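K.L.:
Pasting model_23.txt here (compact mmCIF, C-alpha atoms):
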# COMPACT_ATOMS: atom_id res chain seq x y z
CA MET A 1 0.00 0.00 0.00
CA HIS A 2 2.76 2.43 0.92
CA SER A 3 4.71 1.59 -2.23
CA ASP A 4 1.61 2.22 -4.37
CA ARG A 5 1.11 5.63 -2.73
CA ALA A 6 4.77 6.47 -3.22
CA SER A 7 4.59 5.43 -6.88
CA LEU A 8 1.48 7.56 -7.42
CA GLY A 9 3.14 10.50 -5.70
CA LEU A 10 6.20 10.21 -7.92
CA ARG A 11 4.06 10.07 -11.03
CA ILE A 12 2.16 13.17 -10.00
CA ALA A 13 5.40 14.98 -9.18
CA ALA A 14 6.90 13.98 -12.54
CA ALA A 15 3.79 15.13 -14.41
CA ALA A 16 3.80 18.44 -12.53
CA GLY A 17 7.49 18.95 -13.31
CA LEU A 18 6.98 18.26 -17.02
CA LEU A 19 3.98 20.58 -17.11
CA PHE A 20 5.96 23.33 -15.37
CA MET A 21 8.77 23.03 -17.95
CA HIS A 22 6.69 22.71 -21.12
CA LEU A 23 3.55 24.76 -20.50
CA PRO A 24 5.32 28.06 -21.41
CA ILE A 25 6.37 26.49 -24.72
CA LEU A 26 2.79 25.49 -25.43
CA LEU A 27 1.69 29.05 -24.71
CA ILE A 28 4.14 30.29 -27.34
CA PHE A 29 2.49 28.00 -29.85
CA VAL A 30 -0.97 29.35 -28.96
CA TYR A 31 0.05 33.01 -29.14
CA ALA A 32 1.60 32.46 -32.58
CA PHE A 33 -1.97 32.09 -33.88
CA THR A 34 -3.64 34.89 -31.93
CA THR A 35 -5.43 37.73 -33.71
CA GLU A 36 -4.28 40.24 -31.06
CA ASP A 37 -1.09 41.98 -32.20
CA LYS A 38 -0.29 44.30 -29.29
CA SER A 39 -0.73 42.37 -26.04
CA TYR A 40 -1.12 38.90 -24.59
CA GLN A 41 -4.64 37.96 -23.55
CA TRP A 42 -5.93 34.69 -22.16
CA PRO A 43 -7.86 33.18 -23.69
CA PRO A 44 -6.83 34.60 -27.08
CA PRO A 45 -9.61 36.67 -28.69
CA GLY A 46 -9.29 34.66 -31.92
CA LEU A 47 -7.01 32.49 -34.03
CA THR A 48 -5.43 33.25 -37.39
CA LEU A 49 -2.66 32.12 -39.74
CA GLU A 50 -1.84 35.61 -41.03
CA TRP A 51 1.23 36.02 -38.80
CA PHE A 52 3.01 33.19 -40.59
CA ALA A 53 2.76 35.09 -43.88
CA VAL A 54 3.85 38.30 -42.16
CA THR A 55 6.87 36.54 -40.65
CA TRP A 56 7.81 34.92 -43.97
CA ASN A 57 7.91 38.32 -45.65
CA ARG A 58 10.00 40.02 -42.97
CA PRO A 59 13.58 40.36 -44.29
CA ASP A 60 14.88 41.27 -40.84
CA VAL A 61 13.81 37.82 -39.58
CA TRP A 62 15.77 36.08 -42.32
CA GLU A 63 18.84 38.24 -41.75
CA ALA A 64 18.85 37.54 -38.02
CA LEU A 65 18.26 33.82 -38.57
CA SER A 66 21.04 33.60 -41.15
CA LEU A 67 23.51 35.35 -38.85
CA SER A 68 22.66 33.09 -35.91
CA LEU A 69 22.98 29.92 -38.00
CA ARG A 70 26.32 30.96 -39.48
CA VAL A 71 27.78 31.95 -36.12
CA ALA A 72 26.53 28.78 -34.41
CA ALA A 73 27.76 26.47 -37.19
CA ILE A 74 31.26 27.94 -37.40
CA SER A 75 31.58 28.25 -33.62
CA THR A 76 30.66 24.59 -33.27
CA ALA A 77 33.18 23.56 -35.93
CA ILE A 78 35.95 25.52 -34.17
CA ALA A 79 34.92 24.06 -30.83
CA LEU A 80 34.98 20.49 -32.15
CA VAL A 81 38.56 20.88 -33.36
CA LEU A 82 40.03 22.87 -30.46
CA GLY A 83 38.00 21.16 -27.75
CA THR A 84 38.94 17.69 -28.95
CA LEU A 85 42.64 18.56 -29.23
CA CYS A 86 42.67 20.09 -25.74
CA ALA A 87 40.86 17.09 -24.31
CA ALA A 88 43.29 14.65 -25.92
CA ALA A 89 46.28 16.56 -24.58
CA VAL A 90 44.92 16.79 -21.04
CA ALA A 91 43.58 13.24 -20.82
CA HIS A 92 46.44 11.25 -22.34
CA THR A 93 49.59 13.21 -21.52
CA ARG A 94 51.19 14.33 -18.28
CA PHE A 95 52.97 17.67 -18.09
CA PHE A 96 53.58 20.46 -15.63
CA GLY A 97 50.55 22.72 -15.21
CA ARG A 98 48.07 20.30 -16.77
CA GLU A 99 45.37 20.95 -14.18
CA VAL A 100 45.88 24.71 -14.47
CA ILE A 101 45.40 24.52 -18.23
CA SER A 102 42.26 22.44 -17.75
CA LEU A 103 40.91 25.08 -15.36
CA LEU A 104 41.69 27.88 -17.80
CA VAL A 105 39.90 26.03 -20.61
CA ILE A 106 36.65 25.69 -18.63
CA LEU A 107 36.86 29.16 -17.04
CA PRO A 108 34.88 31.05 -19.75
CA ILE A 109 31.74 29.03 -19.12
CA ALA A 110 32.18 29.16 -15.33
CA LEU A 111 32.27 32.95 -15.30
CA PRO A 112 29.05 34.99 -15.58
CA GLY A 113 28.27 35.83 -19.18
CA ILE A 114 28.40 39.55 -18.50
CA ILE A 115 32.01 39.24 -17.28
CA THR A 116 32.99 37.36 -20.43
CA GLY A 117 31.18 39.90 -22.58
CA ILE A 118 32.81 42.92 -20.91
CA SER A 119 36.28 41.37 -21.09
CA LEU A 120 35.88 40.54 -24.78
CA ARG A 121 34.59 44.00 -25.58
CA SER A 122 37.51 45.59 -23.74
CA ALA A 123 39.98 43.37 -25.59
CA PHE A 124 38.45 44.23 -28.96
CA ASN A 125 38.55 47.94 -28.13
CA LEU A 126 42.20 47.77 -27.04
CA ALA A 127 43.12 45.89 -30.21
CA ASP A 128 41.06 48.37 -32.28
CA ILE A 129 39.04 45.51 -33.79
CA PRO A 130 35.70 46.69 -35.25
CA PHE A 131 32.62 44.81 -34.12
CA SER A 132 31.45 42.45 -36.84
CA PHE A 133 30.51 38.87 -37.58
CA TRP A 134 34.00 37.80 -36.53
CA THR A 135 33.82 39.37 -33.07
CA ILE A 136 30.52 37.56 -32.44
CA LEU A 137 32.14 34.35 -33.65
CA LEU A 138 35.13 34.74 -31.32
CA GLY A 139 32.85 35.46 -28.40
CA HIS A 140 30.75 32.36 -28.99
CA ALA A 141 33.75 30.13 -29.62
CA THR A 142 35.06 30.85 -26.12
CA PHE A 143 32.26 28.92 -24.42
CA CYS A 144 31.56 26.45 -27.26
CA VAL A 145 35.09 25.06 -26.87
CA VAL A 146 34.39 24.43 -23.19
CA VAL A 147 31.26 22.39 -23.93
CA VAL A 148 33.02 20.12 -26.41
CA TYR A 149 36.08 19.85 -24.16
CA ASN A 150 34.03 18.69 -21.17
CA ASN A 151 32.34 15.96 -23.19
CA ALA A 152 35.48 14.84 -24.98
CA VAL A 153 37.79 14.77 -21.95
CA ALA A 154 35.32 12.63 -20.00
CA ARG A 155 35.22 10.12 -22.85
CA PHE A 156 39.00 10.17 -23.34
CA ARG A 157 39.53 9.37 -19.67
CA ARG A 158 37.23 6.37 -19.96
CA MET A 159 38.97 5.04 -23.04
CA SER A 160 41.75 2.57 -22.36
CA GLY A 161 45.17 3.75 -23.50
CA SER A 162 46.05 0.17 -24.39
CA LEU A 163 43.75 0.41 -27.42
CA ILE A 164 45.95 3.10 -28.94
CA GLU A 165 49.11 1.19 -28.08
CA ALA A 166 47.72 -1.97 -29.65
CA SER A 167 46.82 -0.08 -32.81
CA MET A 168 50.34 1.31 -33.10
CA ASP A 169 51.88 -2.10 -32.40
CA LEU A 170 49.85 -3.58 -35.24
CA GLY A 171 51.34 -1.09 -37.70
CA ALA A 172 48.67 1.62 -37.86
CA ASN A 173 49.92 5.17 -38.31
CA ALA A 174 48.59 8.13 -36.33
CA PHE A 175 45.80 8.92 -38.80
CA GLN A 176 44.64 5.31 -39.01
CA THR A 177 44.62 5.04 -35.23
CA PHE A 178 42.55 8.18 -34.95
CA ARG A 179 40.16 7.10 -37.72
CA HIS A 180 39.56 3.51 -36.64
CA VAL A 181 40.19 3.54 -32.87
CA ILE A 182 39.90 6.98 -31.30
CA LEU A 183 37.10 8.50 -33.37
CA PRO A 184 34.64 5.59 -32.92
CA ASN A 185 35.19 5.83 -29.16
CA ILE A 186 34.59 9.57 -28.89
CA ALA A 187 32.05 10.02 -31.70
CA THR A 188 28.95 10.10 -29.51
CA ALA A 189 30.64 12.45 -27.03
CA LEU A 190 31.53 14.81 -29.88
CA LEU A 191 28.00 14.59 -31.25
CA ALA A 192 26.52 15.51 -27.88
CA GLY A 193 29.07 18.26 -27.30
CA GLY A 194 28.61 19.67 -30.79
CA MET A 195 24.83 19.77 -30.48
CA LEU A 196 25.00 21.46 -27.09
CA ALA A 197 27.57 23.97 -28.36
CA PHE A 198 25.38 24.77 -31.36
CA ALA A 199 22.33 25.24 -29.14
CA LEU A 200 24.19 27.48 -26.67
CA SER A 201 25.59 29.60 -29.49
CA PHE A 202 22.25 29.86 -31.29
CA ASP A 203 20.39 31.28 -28.29
CA GLU A 204 23.22 33.23 -26.62
CA VAL A 205 22.32 36.80 -25.68
CA ILE A 206 24.66 38.35 -23.10
CA VAL A 207 28.03 37.80 -24.78
CA THR A 208 26.49 38.66 -28.15
CA THR A 209 25.22 41.97 -26.80
CA PHE A 210 28.79 43.06 -26.01
CA THR A 211 30.38 41.76 -29.23
CA ALA A 212 27.79 42.30 -31.97
CA GLY A 213 27.88 46.02 -32.54
CA GLN A 214 24.92 46.92 -34.78
CA GLN A 215 24.25 43.35 -35.93
CA GLN A 216 21.34 41.31 -34.65
CA THR A 217 21.35 37.61 -34.04
CA LEU A 218 17.95 35.96 -33.75
CA PRO A 219 17.77 36.06 -29.90
CA ILE A 220 18.63 39.76 -29.84
CA TRP A 221 16.08 40.40 -32.58
CA MET A 222 13.42 38.57 -30.56
CA LEU A 223 14.18 40.57 -27.41
CA GLU A 224 13.87 43.85 -29.26
CA GLU A 225 10.64 42.73 -30.92
CA LEU A 226 9.06 41.88 -27.57
CA VAL A 227 9.25 45.50 -26.39
CA ARG A 228 7.52 46.81 -29.50
CA PRO A 229 3.77 47.42 -29.27
CA ARG A 230 2.95 45.95 -32.69
CA GLN A 231 3.19 42.53 -34.35
CA ARG A 232 4.23 40.69 -31.20
CA PRO A 233 2.84 37.39 -32.57
CA VAL A 234 5.66 37.46 -35.14
CA THR A 235 8.10 36.79 -32.30
CA ASN A 236 6.03 33.80 -31.21
CA VAL A 237 5.94 32.45 -34.76
CA VAL A 238 9.72 32.64 -34.94
CA ALA A 239 10.05 30.98 -31.53
CA MET A 240 7.66 28.19 -32.55
CA VAL A 241 9.56 27.47 -35.76
CA VAL A 242 12.86 27.39 -33.86
CA VAL A 243 11.42 24.88 -31.37
CA LEU A 244 10.12 22.63 -34.16
CA VAL A 245 13.31 22.79 -36.22
CA THR A 246 15.63 22.09 -33.28
CA PHE A 247 13.47 19.24 -32.00
CA LEU A 248 14.28 16.97 -34.95
CA PRO A 249 18.10 16.89 -34.60
CA ILE A 250 17.74 16.48 -30.82
CA LEU A 251 15.46 13.51 -31.37
CA GLY A 252 17.86 12.08 -33.95
CA ALA A 253 20.83 12.49 -31.63
CA PHE A 254 18.91 10.76 -28.86
CA TYR A 255 18.40 7.67 -30.98
CA LEU A 256 21.95 7.78 -32.35
CA THR A 257 23.54 7.98 -28.90
CA ARG A 258 21.14 5.63 -27.11
CA GLY A 259 22.96 2.60 -25.78
CA THR A 260 26.43 3.96 -26.55
CA ASP A 261 27.43 4.88 -23.02
CA THR A 262 30.27 2.36 -23.09
CA VAL A 263 33.36 2.68 -25.21
CA ALA A 264 35.13 0.23 -27.50
CA GLY A 265 37.02 -2.39 -25.59
CA GLN A 266 34.49 -2.22 -22.75
CA GLY A 267 31.53 -3.97 -24.26
CA LYS A 268 30.55 -1.68 -27.14
Turn the structure described in the file into structure tokens.

P.N.:
Amino acid sequence: MHSDRASLGLRIAAAAGLLFMHLPILLIFVYAFTTEDKSYQWPPPGLTLEWFAVTWNRPDVWEALSLSLRVAAISTAIALVLGTLCAAAVAHTRFFGREVISLLVILPIALPGIITGISLRSAFNLADIPFSFWTILLGHATFCVVVVYNNAVARFRRMSGSLIEASMDLGANAFQTFRHVILPNIATALLAGGMLAFALSFDEVIVTTFTAGQQQTLPIWMLEELVRPRQRPVTNVVAMVVVLVTFLPILGAFYLTRGTDTVAGQGK
């Protein structure tokens, strides 16, 4: 009897937690169809599809979306290369100051975003670097590298070093060892780290505010649109499309990484 009550209580708590997390997202979906364009009313006075056409014909939406996608994609690519190399060096070699270097690598994401943003802006001003796409990219890469590094270093530390030694003993060169031994072991960790880095870059606001100058990424565009008294449903349409588009790769990554928590040589 007590176990049944406990099980029921856990189910209710789980349902309440899921509702608390996802109800705001559902409200975004509803307000994307509302006929009211200046305020949020509940229940909505009416439903319409006109805001989708309005959003489609807004060039500022496409410009902001394009900038966010380009920054996130390139930041993730840089993070995958630098984060993986840093993780390999820290996990499989011993040298003086290794722990200090590891701390310095993860420091950008441990600091408040406003500190990172101010420091980057000060550095760009001192170096007389004009704010542009590249300053946004550098700002995002600082924390994207950390995300990939954390995932990769954890996987490297779980991977047996004897696998690499055995590959070398069997005549494989460095590239072959990386391609056939190391990469299959860390692939899922890189996939998870890359997806998280892309997501963090795509919706980053604070660091972007200090490094973007006059450019607008999609999150900054959405924030500015929310304070305007007209066409607020356009912001909800954009948010809804972003949720739907990002859901598919997350779902795909879930199925790709499911059951791959062990590494080669340990039951994979």

K.L.:
Please provide the set of residues having any atom within 7 Å of segment 76-91 of chain A, restricted to all atoms listed in the file, with same-chain residues fewer than 3 positions apart removed, written as an MDAnalysis selection string.

P.N.:
chainID A and resid 72:73 98 141 144:146 148:149 152:153 156:157 194 197:198

K.L.:
Mind pulling up the distance from atom CA of Thr217 of chain A to atom CA of Leu67 of chain A?

P.N.:
5.7 Å

K.L.:
Counting all atoms listed in the file, which of A:Pro130, A:Ser75, A:Met159, A:Gly117 gets nearest to Leu196 of chain A?

P.N.:
A:Ser75

K.L.:
Counting all atoms listed in the file, what is within 10 Å of Gly213 of chain A, bar same-chain residues fewer than 6 positions away, as a list in words?

P.N.:
Arg121, Pro130, Phe131, Ser132, Phe133, Thr135 and Ile136 of chain A

K.L.:
Using only C-alpha atoms - which residues lie no farther than 8 Å from the point (33.1, 32.2, -25.9) in the file's frame? Write them as a ChimeraX atom specification.

P.N.:
/A:108-109,116,138-145,207

K.L.:
Of the candidates A:Ala212, A:Ala110, A:Leu27, A:Val234, which one gets nearest to Leu49 of chain A if we count all atoms listed in the file?

P.N.:
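Of the candidates, the smallest distance to Leu49 of chain A is held by A:Val234.
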
K.L.:
How many Å lie between atom CA of Ile114 of chain A and atom CA of Asp128 of chain A, rounded to one decimal?

P.N.:
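Atom CA of Asp128 of chain A lies at a distance of 20.7 Å from atom CA of Ile114 of chain A.
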
K.L.:
Using only C-alpha atoms, determine which residues lie at most 9 Å from Met222 of chain A, disregarding the query and same-chain residues fewer than 6 positions distant; provide the list as a ChimeraX atom specification.

P.N.:
/A:235-236,238-239
